[in-house]
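> Just one file: work_16.cif, with mmCIF, C-alpha atoms.
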data_entry
#
loop_
_atom_site.group_PDB
_atom_site.id
_atom_site.type_symbol
_atom_site.label_atom_id
_atom_site.label_comp_id
_atom_site.auth_asym_id
_atom_site.auth_seq_id
_atom_site.Cartn_x
_atom_site.Cartn_y
_atom_site.Cartn_z
ATOM 1 C CA MET A 1 -3.964 -24.842 -20.272
ATOM 2 C CA GLY A 2 -6.117 -24.290 -17.158
ATOM 3 C CA GLU A 3 -7.040 -20.951 -15.664
ATOM 4 C CA ARG A 4 -4.320 -19.509 -13.442
ATOM 5 C CA MET A 5 -5.377 -18.265 -10.018
ATOM 6 C CA LEU A 6 -4.292 -17.386 -6.518
ATOM 7 C CA ARG A 7 -6.251 -19.589 -4.110
ATOM 8 C CA LEU A 8 -6.237 -18.396 -0.522
ATOM 9 C CA SER A 9 -7.764 -21.003 1.803
ATOM 10 C CA PHE A 10 -9.229 -19.615 5.042
ATOM 11 C CA THR A 11 -9.990 -21.493 8.222
ATOM 12 C CA ALA A 12 -12.947 -20.399 10.360
ATOM 13 C CA GLU A 13 -10.427 -18.858 12.780
ATOM 14 C CA ASP A 14 -8.885 -16.793 9.976
ATOM 15 C CA LEU A 15 -12.260 -15.411 8.881
ATOM 16 C CA LEU A 16 -13.016 -14.386 12.457
ATOM 17 C CA ALA A 17 -9.675 -12.614 12.811
ATOM 18 C CA VAL A 18 -9.454 -10.346 9.750
ATOM 19 C CA THR A 19 -8.113 -6.950 10.825
ATOM 20 C CA PHE A 20 -6.812 -3.815 9.135
ATOM 21 C CA ALA A 21 -3.246 -2.568 9.515
ATOM 22 C CA PRO A 22 -3.278 0.571 11.711
ATOM 23 C CA GLU A 23 -1.129 2.566 9.278
ATOM 24 C CA PRO A 24 0.924 2.111 6.097
ATOM 25 C CA ALA A 25 4.146 0.144 6.502
ATOM 26 C CA PRO A 26 7.147 2.154 5.218
ATOM 27 C CA LEU A 27 9.429 -0.813 4.533
ATOM 28 C CA MET A 28 6.641 -2.768 2.849
ATOM 29 C CA GLU A 29 5.734 0.221 0.655
ATOM 30 C CA LEU A 30 9.418 0.790 -0.131
ATOM 31 C CA GLY A 31 9.826 -2.794 -1.301
ATOM 32 C CA LEU A 32 6.793 -2.437 -3.557
ATOM 33 C CA ALA A 33 8.181 0.845 -4.915
ATOM 34 C CA VAL A 34 11.452 -0.857 -5.886
ATOM 35 C CA ALA A 35 9.484 -3.684 -7.521
ATOM 36 C CA VAL A 36 7.311 -1.256 -9.511
ATOM 37 C CA LEU A 37 10.427 0.491 -10.851
ATOM 38 C CA GLN A 38 11.410 -2.792 -12.529
ATOM 39 C CA ARG A 39 8.027 -3.933 -13.866
ATOM 40 C CA GLN A 40 7.500 -4.062 -17.619
ATOM 41 C CA PRO A 41 5.312 -2.675 -18.976
ATOM 42 C CA PRO A 42 4.613 -0.047 -16.311
ATOM 43 C CA THR A 43 1.110 0.182 -14.873
ATOM 44 C CA PRO A 44 -0.672 3.132 -16.569
ATOM 45 C CA ALA A 45 -1.822 4.598 -13.235
ATOM 46 C CA LEU A 46 1.779 4.719 -12.026
ATOM 47 C CA SER A 47 3.634 5.435 -15.260
ATOM 48 C CA ARG A 48 4.191 9.133 -14.489
ATOM 49 C CA TRP A 49 5.382 8.365 -10.955
ATOM 50 C CA ARG A 50 7.650 5.617 -12.291
ATOM 51 C CA ARG A 51 9.362 7.955 -14.781
ATOM 52 C CA THR A 52 10.069 10.471 -12.030
ATOM 53 C CA ALA A 53 11.108 7.819 -9.518
ATOM 54 C CA ARG A 54 13.577 6.145 -11.858
ATOM 55 C CA GLY A 55 15.358 9.459 -12.231
ATOM 56 C CA ALA A 56 15.349 9.965 -8.454
ATOM 57 C CA PHE A 57 16.481 6.421 -7.584
ATOM 58 C CA PRO A 58 19.864 6.896 -5.867
ATOM 59 C CA ALA A 59 22.894 4.918 -7.007
ATOM 60 C CA GLU A 60 23.466 3.965 -3.354
ATOM 61 C CA ALA A 61 20.109 2.152 -3.380
ATOM 62 C CA ARG A 62 20.909 -0.096 -6.356
ATOM 63 C CA PRO A 63 21.865 -3.152 -4.236
ATOM 64 C CA LEU A 64 18.157 -3.471 -3.409
ATOM 65 C CA LEU A 65 17.556 -4.558 -7.013
ATOM 66 C CA GLN A 66 19.332 -7.806 -6.088
ATOM 67 C CA LEU A 67 16.922 -8.424 -3.190
ATOM 68 C CA ILE A 68 13.585 -7.223 -4.580
ATOM 69 C CA PRO A 69 12.403 -8.633 -7.931
ATOM 70 C CA PRO A 70 9.708 -7.057 -10.168
ATOM 71 C CA THR A 71 7.198 -9.537 -8.717
ATOM 72 C CA ALA A 72 7.815 -8.036 -5.224
ATOM 73 C CA ARG A 73 8.358 -11.564 -3.918
ATOM 74 C CA GLY A 74 11.586 -10.790 -2.092
ATOM 75 C CA PRO A 75 12.525 -11.996 1.399
ATOM 76 C CA MET A 76 9.895 -11.180 4.021
ATOM 77 C CA PHE A 77 12.439 -9.990 6.605
ATOM 78 C CA LEU A 78 12.989 -6.955 4.380
ATOM 79 C CA ASP A 79 9.479 -5.488 4.740
ATOM 80 C CA PRO A 80 8.074 -5.744 8.271
ATOM 81 C CA LEU A 81 4.973 -3.971 9.517
ATOM 82 C CA SER A 82 6.172 -1.042 11.597
ATOM 83 C CA ARG A 83 5.193 2.351 12.950
ATOM 84 C CA GLY A 84 7.583 4.525 11.010
ATOM 85 C CA PHE A 85 10.644 3.997 8.835
ATOM 86 C CA GLU A 86 13.241 3.951 11.617
ATOM 87 C CA ALA A 87 11.343 1.324 13.617
ATOM 88 C CA GLY A 88 11.024 -0.818 10.514
ATOM 89 C CA LEU A 89 14.693 -0.432 9.671
ATOM 90 C CA ASP A 90 15.655 -1.506 13.198
ATOM 91 C CA THR A 91 13.501 -4.620 12.761
ATOM 92 C CA VAL A 92 15.206 -5.459 9.455
ATOM 93 C CA LEU A 93 18.711 -4.982 10.843
ATOM 94 C CA SER A 94 17.980 -7.172 13.874
ATOM 95 C CA THR A 95 16.655 -10.129 11.862
ATOM 96 C CA PRO A 96 18.098 -13.379 13.283
ATOM 97 C CA PRO A 97 20.747 -14.924 10.990
ATOM 98 C CA ALA A 98 18.843 -18.213 10.754
ATOM 99 C CA ARG A 99 15.766 -16.461 9.388
ATOM 100 C CA VAL A 100 17.836 -14.475 6.869
ATOM 101 C CA ARG A 101 19.474 -17.649 5.558
ATOM 102 C CA ALA A 102 16.191 -19.566 5.427
ATOM 103 C CA GLU A 103 14.326 -16.856 3.529
ATOM 104 C CA LEU A 104 17.122 -16.205 1.055
ATOM 105 C CA ASP A 105 17.626 -19.931 0.470
ATOM 106 C CA GLY A 106 13.906 -20.139 -0.285
ATOM 107 C CA ARG A 107 14.065 -17.295 -2.820
ATOM 108 C CA ILE A 108 17.318 -18.311 -4.564
ATOM 109 C CA PRO A 109 17.115 -19.378 -7.333
ATOM 110 C CA GLU A 110 13.276 -19.355 -7.340
ATOM 111 C CA VAL A 111 12.907 -15.579 -7.754
ATOM 112 C CA LEU A 112 16.347 -14.051 -7.071
ATOM 113 C CA ARG A 113 19.535 -14.341 -9.086
ATOM 114 C CA PRO A 114 22.396 -15.477 -6.823
ATOM 115 C CA THR A 115 25.139 -12.866 -6.447
ATOM 116 C CA PRO A 116 28.208 -12.587 -4.198
ATOM 117 C CA TRP A 117 26.549 -9.708 -2.305
ATOM 118 C CA LEU A 118 23.445 -11.797 -1.603
ATOM 119 C CA ARG A 119 25.629 -14.592 -0.257
ATOM 120 C CA ARG A 120 27.260 -12.070 2.083
ATOM 121 C CA ILE A 121 23.831 -10.850 3.188
ATOM 122 C CA ALA A 122 22.800 -14.462 3.857
ATOM 123 C CA GLY A 123 25.956 -14.915 5.910
ATOM 124 C CA LYS A 124 25.241 -11.736 7.958
ATOM 125 C CA ASP A 125 28.476 -10.141 6.755
ATOM 126 C CA ARG A 126 28.803 -6.835 8.647
ATOM 127 C CA GLU A 127 29.917 -4.706 5.682
ATOM 128 C CA ALA A 128 27.182 -6.124 3.443
ATOM 129 C CA TRP A 129 24.530 -5.291 6.051
ATOM 130 C CA GLU A 130 25.908 -1.777 6.453
ATOM 131 C CA GLU A 131 25.563 -1.432 2.681
ATOM 132 C CA LEU A 132 21.998 -2.730 2.957
ATOM 133 C CA GLU A 133 21.179 -0.121 5.603
ATOM 134 C CA ARG A 134 22.578 2.668 3.415
ATOM 135 C CA ALA A 135 20.613 1.344 0.437
ATOM 136 C CA LEU A 136 17.328 1.300 2.370
ATOM 137 C CA ARG A 137 17.873 4.809 3.707
ATOM 138 C CA ALA A 138 18.809 6.151 0.284
ATOM 139 C CA ALA A 139 15.834 4.478 -1.422
ATOM 140 C CA TYR A 140 13.357 5.768 1.146
ATOM 141 C CA GLY A 141 14.788 9.281 0.900
ATOM 142 C CA GLY A 142 14.715 9.252 -2.891
ATOM 143 C CA LEU A 143 11.365 7.541 -3.465
ATOM 144 C CA LEU A 144 8.997 7.932 -0.521
ATOM 145 C CA SER A 145 9.926 10.424 2.174
ATOM 146 C CA ALA A 146 8.609 13.522 0.357
ATOM 147 C CA CYS A 147 5.303 11.877 -0.599
ATOM 148 C CA TRP A 148 4.696 10.004 2.670
ATOM 149 C CA PRO A 149 1.868 12.386 3.747
ATOM 150 C CA ASP A 150 0.037 11.532 0.491
ATOM 151 C CA ILE A 151 0.544 7.821 1.158
ATOM 152 C CA GLN A 152 -0.832 8.250 4.680
ATOM 153 C CA SER A 153 -3.889 10.145 3.379
ATOM 154 C CA ALA A 154 -4.630 7.536 0.720
ATOM 155 C CA PHE A 155 -4.261 4.760 3.315
ATOM 156 C CA ASP A 156 -6.684 6.504 5.684
ATOM 157 C CA ALA A 157 -9.250 6.956 2.910
ATOM 158 C CA GLU A 158 -8.969 3.324 1.828
ATOM 159 C CA ARG A 159 -9.239 2.042 5.387
ATOM 160 C CA ALA A 160 -12.326 4.145 6.118
ATOM 161 C CA TRP A 161 -14.052 3.093 2.893
ATOM 162 C CA ARG A 162 -13.154 -0.613 3.200
ATOM 163 C CA THR A 163 -14.322 -0.678 6.831
ATOM 164 C CA ARG A 164 -17.694 0.746 5.804
ATOM 165 C CA LEU A 165 -17.937 -1.803 2.993
ATOM 166 C CA LEU A 166 -17.261 -4.577 5.477
ATOM 167 C CA ALA A 167 -19.921 -3.256 7.867
ATOM 168 C CA GLN A 168 -22.540 -2.909 5.130
ATOM 169 C CA HIS A 169 -21.899 -6.017 3.037
ATOM 170 C CA GLY A 170 -19.861 -8.413 5.170
ATOM 171 C CA ILE A 171 -16.403 -9.896 5.168
ATOM 172 C CA ARG A 172 -16.795 -12.002 2.026
ATOM 173 C CA THR A 173 -17.747 -9.039 -0.192
ATOM 174 C CA ALA A 174 -15.051 -6.826 1.345
ATOM 175 C CA LEU A 175 -12.320 -9.405 0.690
ATOM 176 C CA ALA A 176 -13.487 -10.422 -2.784
ATOM 177 C CA GLY A 177 -13.099 -6.808 -3.913
ATOM 178 C CA LEU A 178 -9.384 -6.676 -3.103
ATOM 179 C CA GLY A 179 -8.144 -7.818 -6.493
ATOM 180 C CA PRO A 180 -9.037 -8.760 -10.093
ATOM 181 C CA GLY A 181 -11.485 -11.634 -10.469
ATOM 182 C CA GLY A 182 -12.022 -11.898 -6.714
ATOM 183 C CA ARG A 183 -14.600 -14.530 -5.749
ATOM 184 C CA TRP A 184 -15.260 -17.215 -3.152
ATOM 185 C CA GLU A 185 -15.280 -20.960 -3.625
ATOM 186 C CA GLY A 186 -16.497 -22.178 -0.259
ATOM 187 C CA THR A 187 -13.953 -20.832 2.238
ATOM 188 C CA THR A 188 -11.301 -20.291 -0.445
ATOM 189 C CA LEU A 189 -10.788 -16.766 -1.757
ATOM 190 C CA VAL A 190 -9.777 -16.831 -5.433
ATOM 191 C CA PHE A 191 -8.131 -14.116 -7.550
ATOM 192 C CA ASP A 192 -6.926 -14.149 -11.145
ATOM 193 C CA ASP A 193 -3.164 -14.624 -10.926
ATOM 194 C CA PRO A 194 -0.593 -15.553 -13.605
ATOM 195 C CA ALA A 195 1.596 -17.208 -10.951
ATOM 196 C CA ASP A 196 -1.038 -19.911 -10.168
ATOM 197 C CA ARG A 197 -0.506 -20.277 -6.404
ATOM 198 C CA GLU A 198 -2.301 -22.025 -3.555
ATOM 199 C CA VAL A 199 -1.881 -20.641 -0.034
ATOM 200 C CA SER A 200 -3.374 -22.191 3.098
ATOM 201 C CA LEU A 201 -3.703 -19.799 6.015
ATOM 202 C CA THR A 202 -2.688 -21.039 9.437
ATOM 203 C CA GLY A 203 -5.570 -19.986 11.681
ATOM 204 C CA HIS A 204 -3.817 -16.913 13.083
ATOM 205 C CA GLY A 205 -5.883 -14.388 11.134
ATOM 206 C CA VAL A 206 -5.167 -11.941 8.314
ATOM 207 C CA ILE A 207 -4.017 -8.321 8.349
ATOM 208 C CA LEU A 208 -5.208 -6.248 5.378
ATOM 209 C CA LEU A 209 -2.587 -3.820 4.093
ATOM 210 C CA PRO A 210 -3.476 -1.554 1.141
ATOM 211 C CA SER A 211 -0.671 -0.115 -0.952
ATOM 212 C CA THR A 212 -0.574 3.075 -3.005
ATOM 213 C CA LEU A 213 2.172 1.571 -5.178
ATOM 214 C CA TRP A 214 0.780 -1.829 -6.059
ATOM 215 C CA THR A 215 -1.959 -2.238 -8.654
ATOM 216 C CA GLY A 216 -1.531 -5.914 -9.534
ATOM 217 C CA ARG A 217 -2.796 -9.073 -7.931
ATOM 218 C CA PRO A 218 -2.876 -9.285 -4.122
ATOM 219 C CA LEU A 219 0.299 -10.475 -2.426
ATOM 220 C CA VAL A 220 0.367 -12.776 0.600
ATOM 221 C CA ALA A 221 3.018 -12.783 3.326
ATOM 222 C CA LEU A 222 2.278 -16.125 4.985
ATOM 223 C CA HIS A 223 3.247 -16.589 8.633
ATOM 224 C CA ASP A 224 3.046 -19.875 10.522
ATOM 225 C CA ASP A 225 2.807 -18.423 14.030
ATOM 226 C CA ALA A 226 1.327 -14.941 13.485
ATOM 227 C CA PRO A 227 -1.333 -13.265 11.337
ATOM 228 C CA SER A 228 -0.561 -13.426 7.635
ATOM 229 C CA ILE A 229 -0.556 -10.180 5.648
ATOM 230 C CA LEU A 230 -2.677 -9.626 2.542
ATOM 231 C CA ILE A 231 -1.259 -6.722 0.516
ATOM 232 C CA TYR A 232 -3.480 -5.264 -2.184
ATOM 233 C CA GLY A 233 -3.695 -2.180 -4.372
ATOM 234 C CA GLY A 234 -5.731 0.558 -2.708
ATOM 235 C CA ALA A 235 -8.372 2.590 -4.539
ATOM 236 C CA ALA A 236 -6.032 5.601 -4.757
ATOM 237 C CA PRO A 237 -2.598 5.124 -6.374
ATOM 238 C CA LEU A 238 0.324 7.284 -5.303
ATOM 239 C CA PRO A 239 -0.282 10.085 -7.864
ATOM 240 C CA LEU A 240 -3.477 10.837 -5.896
ATOM 241 C CA LEU A 241 -2.703 14.493 -5.351
ATOM 242 C CA GLY A 242 0.187 14.730 -7.780
ATOM 243 C CA GLU A 243 2.849 17.334 -8.171
ATOM 244 C CA ARG A 244 1.556 20.833 -8.879
ATOM 245 C CA THR A 245 3.549 23.308 -10.932
ATOM 246 C CA PRO A 246 4.053 26.457 -8.811
ATOM 247 C CA GLY A 247 1.743 29.241 -9.960
ATOM 248 C CA ARG A 248 -0.336 26.934 -12.162
ATOM 249 C CA PRO A 249 -3.886 26.259 -10.913
ATOM 250 C CA SER A 250 -4.985 22.678 -10.325
ATOM 251 C CA PRO A 251 -7.139 21.254 -13.159
ATOM 252 C CA LEU A 252 -9.482 20.051 -10.443
ATOM 253 C CA ALA A 253 -9.896 23.631 -9.193
ATOM 254 C CA ALA A 254 -10.996 24.671 -12.683
ATOM 255 C CA LEU A 255 -13.573 21.886 -12.639
ATOM 256 C CA LEU A 256 -14.954 22.198 -9.093
ATOM 257 C CA GLY A 257 -13.780 25.609 -7.932
ATOM 258 C CA ARG A 258 -10.703 26.216 -5.791
ATOM 259 C CA THR A 259 -12.320 25.744 -2.354
ATOM 260 C CA ARG A 260 -14.377 22.709 -3.311
ATOM 261 C CA ALA A 261 -11.334 21.071 -4.940
ATOM 262 C CA ALA A 262 -9.311 21.744 -1.778
ATOM 263 C CA ALA A 263 -12.104 20.165 0.284
ATOM 264 C CA LEU A 264 -12.090 17.031 -1.876
ATOM 265 C CA GLU A 265 -8.296 16.719 -1.568
ATOM 266 C CA LEU A 266 -8.559 17.222 2.203
ATOM 267 C CA LEU A 267 -11.153 14.454 2.469
ATOM 268 C CA THR A 268 -8.810 11.724 1.318
ATOM 269 C CA ARG A 269 -8.548 11.514 5.104
ATOM 270 C CA GLU A 270 -11.728 11.519 7.209
ATOM 271 C CA HIS A 271 -12.671 14.914 8.674
ATOM 272 C CA THR A 272 -15.685 16.454 10.382
ATOM 273 C CA THR A 273 -17.451 19.496 8.953
ATOM 274 C CA SER A 274 -15.835 21.665 11.630
ATOM 275 C CA GLU A 275 -12.387 20.336 10.740
ATOM 276 C CA VAL A 276 -12.977 21.065 7.055
ATOM 277 C CA ALA A 277 -13.945 24.633 7.951
ATOM 278 C CA ARG A 278 -10.847 25.056 10.124
ATOM 279 C CA GLU A 279 -8.410 23.509 7.638
ATOM 280 C CA LEU A 280 -9.723 25.588 4.725
ATOM 281 C CA ASP A 281 -10.236 28.742 6.803
ATOM 282 C CA ILE A 282 -13.903 29.056 5.857
ATOM 283 C CA SER A 283 -17.124 29.251 7.899
ATOM 284 C CA ARG A 284 -18.843 26.083 9.072
ATOM 285 C CA SER A 285 -21.897 26.900 6.966
ATOM 286 C CA SER A 286 -19.691 27.260 3.894
ATOM 287 C CA ALA A 287 -18.011 23.947 4.697
ATOM 288 C CA SER A 288 -21.449 22.302 4.959
ATOM 289 C CA GLU A 289 -22.401 23.760 1.573
ATOM 290 C CA HIS A 290 -19.250 22.430 -0.096
ATOM 291 C CA THR A 291 -19.505 18.961 1.466
ATOM 292 C CA LYS A 292 -23.179 18.728 0.439
ATOM 293 C CA ALA A 293 -22.260 19.537 -3.168
ATOM 294 C CA LEU A 294 -19.486 16.935 -3.133
ATOM 295 C CA ARG A 295 -21.827 14.376 -1.570
ATOM 296 C CA ASP A 296 -24.534 15.074 -4.160
ATOM 297 C CA ALA A 297 -21.923 14.435 -6.859
ATOM 298 C CA ARG A 298 -21.055 11.108 -5.168
ATOM 299 C CA LEU A 299 -17.463 12.272 -4.631
ATOM 300 C CA ILE A 300 -17.622 11.938 -0.830
ATOM 301 C CA THR A 301 -19.737 10.011 1.638
ATOM 302 C CA THR A 302 -21.018 11.325 4.962
ATOM 303 C CA SER A 303 -21.857 9.613 8.253
ATOM 304 C CA ARG A 304 -22.972 10.851 11.664
ATOM 305 C CA ASP A 305 -21.452 9.857 15.008
ATOM 306 C CA GLY A 306 -23.370 11.616 17.755
ATOM 307 C CA LYS A 307 -23.178 15.325 17.030
ATOM 308 C CA ALA A 308 -20.193 14.966 14.699
ATOM 309 C CA VAL A 309 -20.670 14.647 10.926
ATOM 310 C CA TRP A 310 -17.773 12.848 9.216
ATOM 311 C CA HIS A 311 -16.837 13.045 5.529
ATOM 312 C CA ILE A 312 -14.517 10.865 3.412
ATOM 313 C CA CYS A 313 -13.806 10.435 -0.310
ATOM 314 C CA THR A 314 -15.648 7.754 -2.255
ATOM 315 C CA PRO A 315 -13.791 5.620 -4.821
ATOM 316 C CA LEU A 316 -15.215 7.951 -7.496
ATOM 317 C CA GLY A 317 -13.742 10.952 -5.674
ATOM 318 C CA LEU A 318 -10.390 9.205 -5.383
ATOM 319 C CA GLU A 319 -10.422 8.359 -9.086
ATOM 320 C CA LEU A 320 -11.128 11.991 -9.944
ATOM 321 C CA LEU A 321 -8.203 13.116 -7.808
ATOM 322 C CA ALA A 322 -5.919 10.501 -9.332
ATOM 323 C CA ALA A 323 -6.863 11.600 -12.851
ATOM 324 C CA THR A 324 -5.885 15.231 -12.220
#
Could you rewrite the structure in this file as structure tokens?


Amino acid sequence: MGERMLRLSFTAEDLLAVTFAPEPAPLMELGLAVAVLQRQPPTPALSRWRRTARGAFPAEARPLLQLIPPTARGPMFLDPLSRGFEAGLDTVLSTPPARVRAELDGRIPEVLRPTPWLRRIAGKDREAWEELERALRAAYGGLLSACWPDIQSAFDAERAWRTRLLAQHGIRTALAGLGPGGRWEGTTLVFDDPADREVSLTGHGVILLPSTLWTGRPLVALHDDAPSILIYGGAAPLPLLGERTPGRPSPLAALLGRTRAAALELLTREHTTSEVARELDISRSSASEHTKALRDARLITTSRDGKAVWHICTPLGLELLAAT
């Protein structure tokens, strides 16, 4: 049996139009969260989150299990790019009936098991879509709303690091590092993939979208008349900062010291030295001392823009945070 791979064929126009999503997409991340809840065996990095999330998954959200399989290859109308959950939900609810039918027909029976409720969704039945809205709201409230600031911080750190990687090493290196076995064969980007798929991009460019809840192979949302979306697992999974037991010190604080640990957690999102001092209520000289120590330990990286000095976590720093 031959090697199984995802082959993503780029045109010259696609390579010239690779951009980064401006912020995490709530509906996309929610769909991935529902997929991760069903995956067996669970990814080690997300196993603790998955145990907690399964207990918090509301009964009202269970219809989503009919729409989103463990592979996360559900209908694309369900997970648009959007600025905020409400905007994304409005986009989902206003999907044209023809697109709903076409996407569900393409997924049934390929990846979804046909059910009466799915047929009602495909037919734009009003009560079924009201149930879908309630399910999406319940799932977001139970799984993501409380940890959305962590997701935003991890996204910002990933975007800053990946942008620097692109600037220093070029687009081919930056894209090859998005998934397991990533490599180029001419203008085709190849990843190890048990599904064995070939995808030809359409010349409209690619939007990179990291996820804190996806650690498997990259996923592709192919669009014929708009940029396609390449979803990949970011360097920092969702348990980046983790839940802290009240009154119990962070293990990271015991390792680095309370202030330095707080600085590292803060720098999952890019900050200047002055901002670090302000956020931690310390002097600027003290902030400089802590950031220098973190930089010397290769836990953060520093760059200068005019008079401002910016700091951001390295992948090593993110891994340390994720492990505690």

> Which residues fall under the PyMOL selection byres ((chain A and resi 61-73) around 6) in this file, as a list in words?

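Written out, the selection comes to Leu32, Ala35, Gln38, Arg39, Pro58, Ala59, Glu60, Gly74, Ala135, Ala138 and Ala139 of chain A.
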
> At most 12 Å is the cut-off: for each residue in range 25-106 of chain A with any atom that close to an atom of range 204-212 of chain A, write down the nearest atom pair and the distance in Å rounded to one decimal, counting all atoms listed in the file, chain first then increasing number, as JSON lines.


{"residue": "A:Ala25", "atom": "CA", "partner": "A:Leu209", "partner_atom": "CA", "distance": 8.2}
{"residue": "A:Pro26", "atom": "CA", "partner": "A:Ser211", "partner_atom": "CA", "distance": 10.2}
{"residue": "A:Leu27", "atom": "CA", "partner": "A:Ser211", "partner_atom": "CA", "distance": 11.5}
{"residue": "A:Met28", "atom": "CA", "partner": "A:Ser211", "partner_atom": "CA", "distance": 8.7}
{"residue": "A:Glu29", "atom": "CA", "partner": "A:Ser211", "partner_atom": "CA", "distance": 6.6}
{"residue": "A:Leu30", "atom": "CA", "partner": "A:Ser211", "partner_atom": "CA", "distance": 10.2}
{"residue": "A:Gly31", "atom": "CA", "partner": "A:Ser211", "partner_atom": "CA", "distance": 10.8}
{"residue": "A:Leu32", "atom": "CA", "partner": "A:Ser211", "partner_atom": "CA", "distance": 8.2}
{"residue": "A:Ala33", "atom": "CA", "partner": "A:Thr212", "partner_atom": "CA", "distance": 9.2}
{"residue": "A:Val36", "atom": "CA", "partner": "A:Thr212", "partner_atom": "CA", "distance": 11.1}
{"residue": "A:Ala45", "atom": "CA", "partner": "A:Thr212", "partner_atom": "CA", "distance": 10.4}
{"residue": "A:Leu46", "atom": "CA", "partner": "A:Thr212", "partner_atom": "CA", "distance": 9.5}
{"residue": "A:Trp49", "atom": "CA", "partner": "A:Thr212", "partner_atom": "CA", "distance": 11.3}
{"residue": "A:Pro80", "atom": "CA", "partner": "A:Leu209", "partner_atom": "CA", "distance": 11.6}
{"residue": "A:Leu81", "atom": "CA", "partner": "A:Leu209", "partner_atom": "CA", "distance": 9.3}
{"residue": "A:Ser82", "atom": "CA", "partner": "A:Leu209", "partner_atom": "CA", "distance": 11.9}

> Would you write out those residues with C-alpha atoms, as an mmCIF file, in the coordinates of the input?


data_model
loop_
_atom_site.group_PDB
_atom_site.id
_atom_site.type_symbol
_atom_site.label_atom_id
_atom_site.label_comp_id
_atom_site.auth_asym_id
_atom_site.auth_seq_id
_atom_site.Cartn_x
_atom_site.Cartn_y
_atom_site.Cartn_z
ATOM 1 C CA ALA A 25 4.146 0.144 6.502
ATOM 2 C CA PRO A 26 7.147 2.154 5.218
ATOM 3 C CA LEU A 27 9.429 -0.813 4.533
ATOM 4 C CA MET A 28 6.641 -2.768 2.849
ATOM 5 C CA GLU A 29 5.734 0.221 0.655
ATOM 6 C CA LEU A 30 9.418 0.790 -0.131
ATOM 7 C CA GLY A 31 9.826 -2.794 -1.301
ATOM 8 C CA LEU A 32 6.793 -2.437 -3.557
ATOM 9 C CA ALA A 33 8.181 0.845 -4.915
ATOM 10 C CA VAL A 36 7.311 -1.256 -9.511
ATOM 11 C CA ALA A 45 -1.822 4.598 -13.235
ATOM 12 C CA LEU A 46 1.779 4.719 -12.026
ATOM 13 C CA TRP A 49 5.382 8.365 -10.955
ATOM 14 C CA PRO A 80 8.074 -5.744 8.271
ATOM 15 C CA LEU A 81 4.973 -3.971 9.517
ATOM 16 C CA SER A 82 6.172 -1.042 11.597
#

> Can you list every residue of range 103-183 of chain A that has an atom at most 12 Å from range 270-281 of chain A, with its nearest atom pair and the distance in Å to one decimal, using all atoms listed in the file, ordered by chain then number, as a Markdown table?


| residue | atom | partner | partner_atom | distance |
| --- | --- | --- | --- | --- |
| A:Gln152 | CA | A:Glu270 | CA | 11.7 |
| A:Ser153 | CA | A:Glu270 | CA | 8.8 |
| A:Ala154 | CA | A:Glu270 | CA | 10.4 |
| A:Phe155 | CA | A:Glu270 | CA | 10.8 |
| A:Asp156 | CA | A:Glu270 | CA | 7.3 |
| A:Ala157 | CA | A:Glu270 | CA | 6.7 |
| A:Glu158 | CA | A:Glu270 | CA | 10.2 |
| A:Arg159 | CA | A:Glu270 | CA | 10.0 |
| A:Ala160 | CA | A:Glu270 | CA | 7.5 |
| A:Trp161 | CA | A:Glu270 | CA | 9.7 |

> Using the chain letters and numbers from this file, what does the PyMOL selection byres ((chain A and resi 105) around 12) select? Give the answer as a ChimeraX atom specification.

/A:74-75,98-104,106-114,118-119,121-123

> Write a file of the selected residues as a PDB file, in the coordinates of the input, keeping C-alpha atoms.


ATOM      1  CA  GLY A  74      11.586 -10.790  -2.092  1.00  0.00           C
ATOM      2  CA  PRO A  75      12.525 -11.996   1.399  1.00  0.00           C
ATOM      3  CA  ALA A  98      18.843 -18.213  10.754  1.00  0.00           C
ATOM      4  CA  ARG A  99      15.766 -16.461   9.388  1.00  0.00           C
ATOM      5  CA  VAL A 100      17.836 -14.475   6.869  1.00  0.00           C
ATOM      6  CA  ARG A 101      19.474 -17.649   5.558  1.00  0.00           C
ATOM      7  CA  ALA A 102      16.191 -19.566   5.427  1.00  0.00           C
ATOM      8  CA  GLU A 103      14.326 -16.856   3.529  1.00  0.00           C
ATOM      9  CA  LEU A 104      17.122 -16.205   1.055  1.00  0.00           C
ATOM     10  CA  GLY A 106      13.906 -20.139  -0.285  1.00  0.00           C
ATOM     11  CA  ARG A 107      14.065 -17.295  -2.820  1.00  0.00           C
ATOM     12  CA  ILE A 108      17.318 -18.311  -4.564  1.00  0.00           C
ATOM     13  CA  PRO A 109      17.115 -19.378  -7.333  1.00  0.00           C
ATOM     14  CA  GLU A 110      13.276 -19.355  -7.340  1.00  0.00           C
ATOM     15  CA  VAL A 111      12.907 -15.579  -7.754  1.00  0.00           C
ATOM     16  CA  LEU A 112      16.347 -14.051  -7.071  1.00  0.00           C
ATOM     17  CA  ARG A 113      19.535 -14.341  -9.086  1.00  0.00           C
ATOM     18  CA  PRO A 114      22.396 -15.477  -6.823  1.00  0.00           C
ATOM     19  CA  LEU A 118      23.445 -11.797  -1.603  1.00  0.00           C
ATOM     20  CA  ARG A 119      25.629 -14.592  -0.257  1.00  0.00           C
ATOM     21  CA  ILE A 121      23.831 -10.850   3.188  1.00  0.00           C
ATOM     22  CA  ALA A 122      22.800 -14.462   3.857  1.00  0.00           C
ATOM     23  CA  GLY A 123      25.956 -14.915   5.910  1.00  0.00           C
TER      24      GLY A 123
END

> Find the distance between CA of Gly203 in chain A and CA of Asp14 in chain A and write it in Å to one decimal.

4.9 Å

> Would you mind telling me which residue in A:Ala308, A:Leu89, A:Leu256, A:Ala287 lies nearest to Leu320 in chain A when using all atoms listed in the file?

A:Leu256
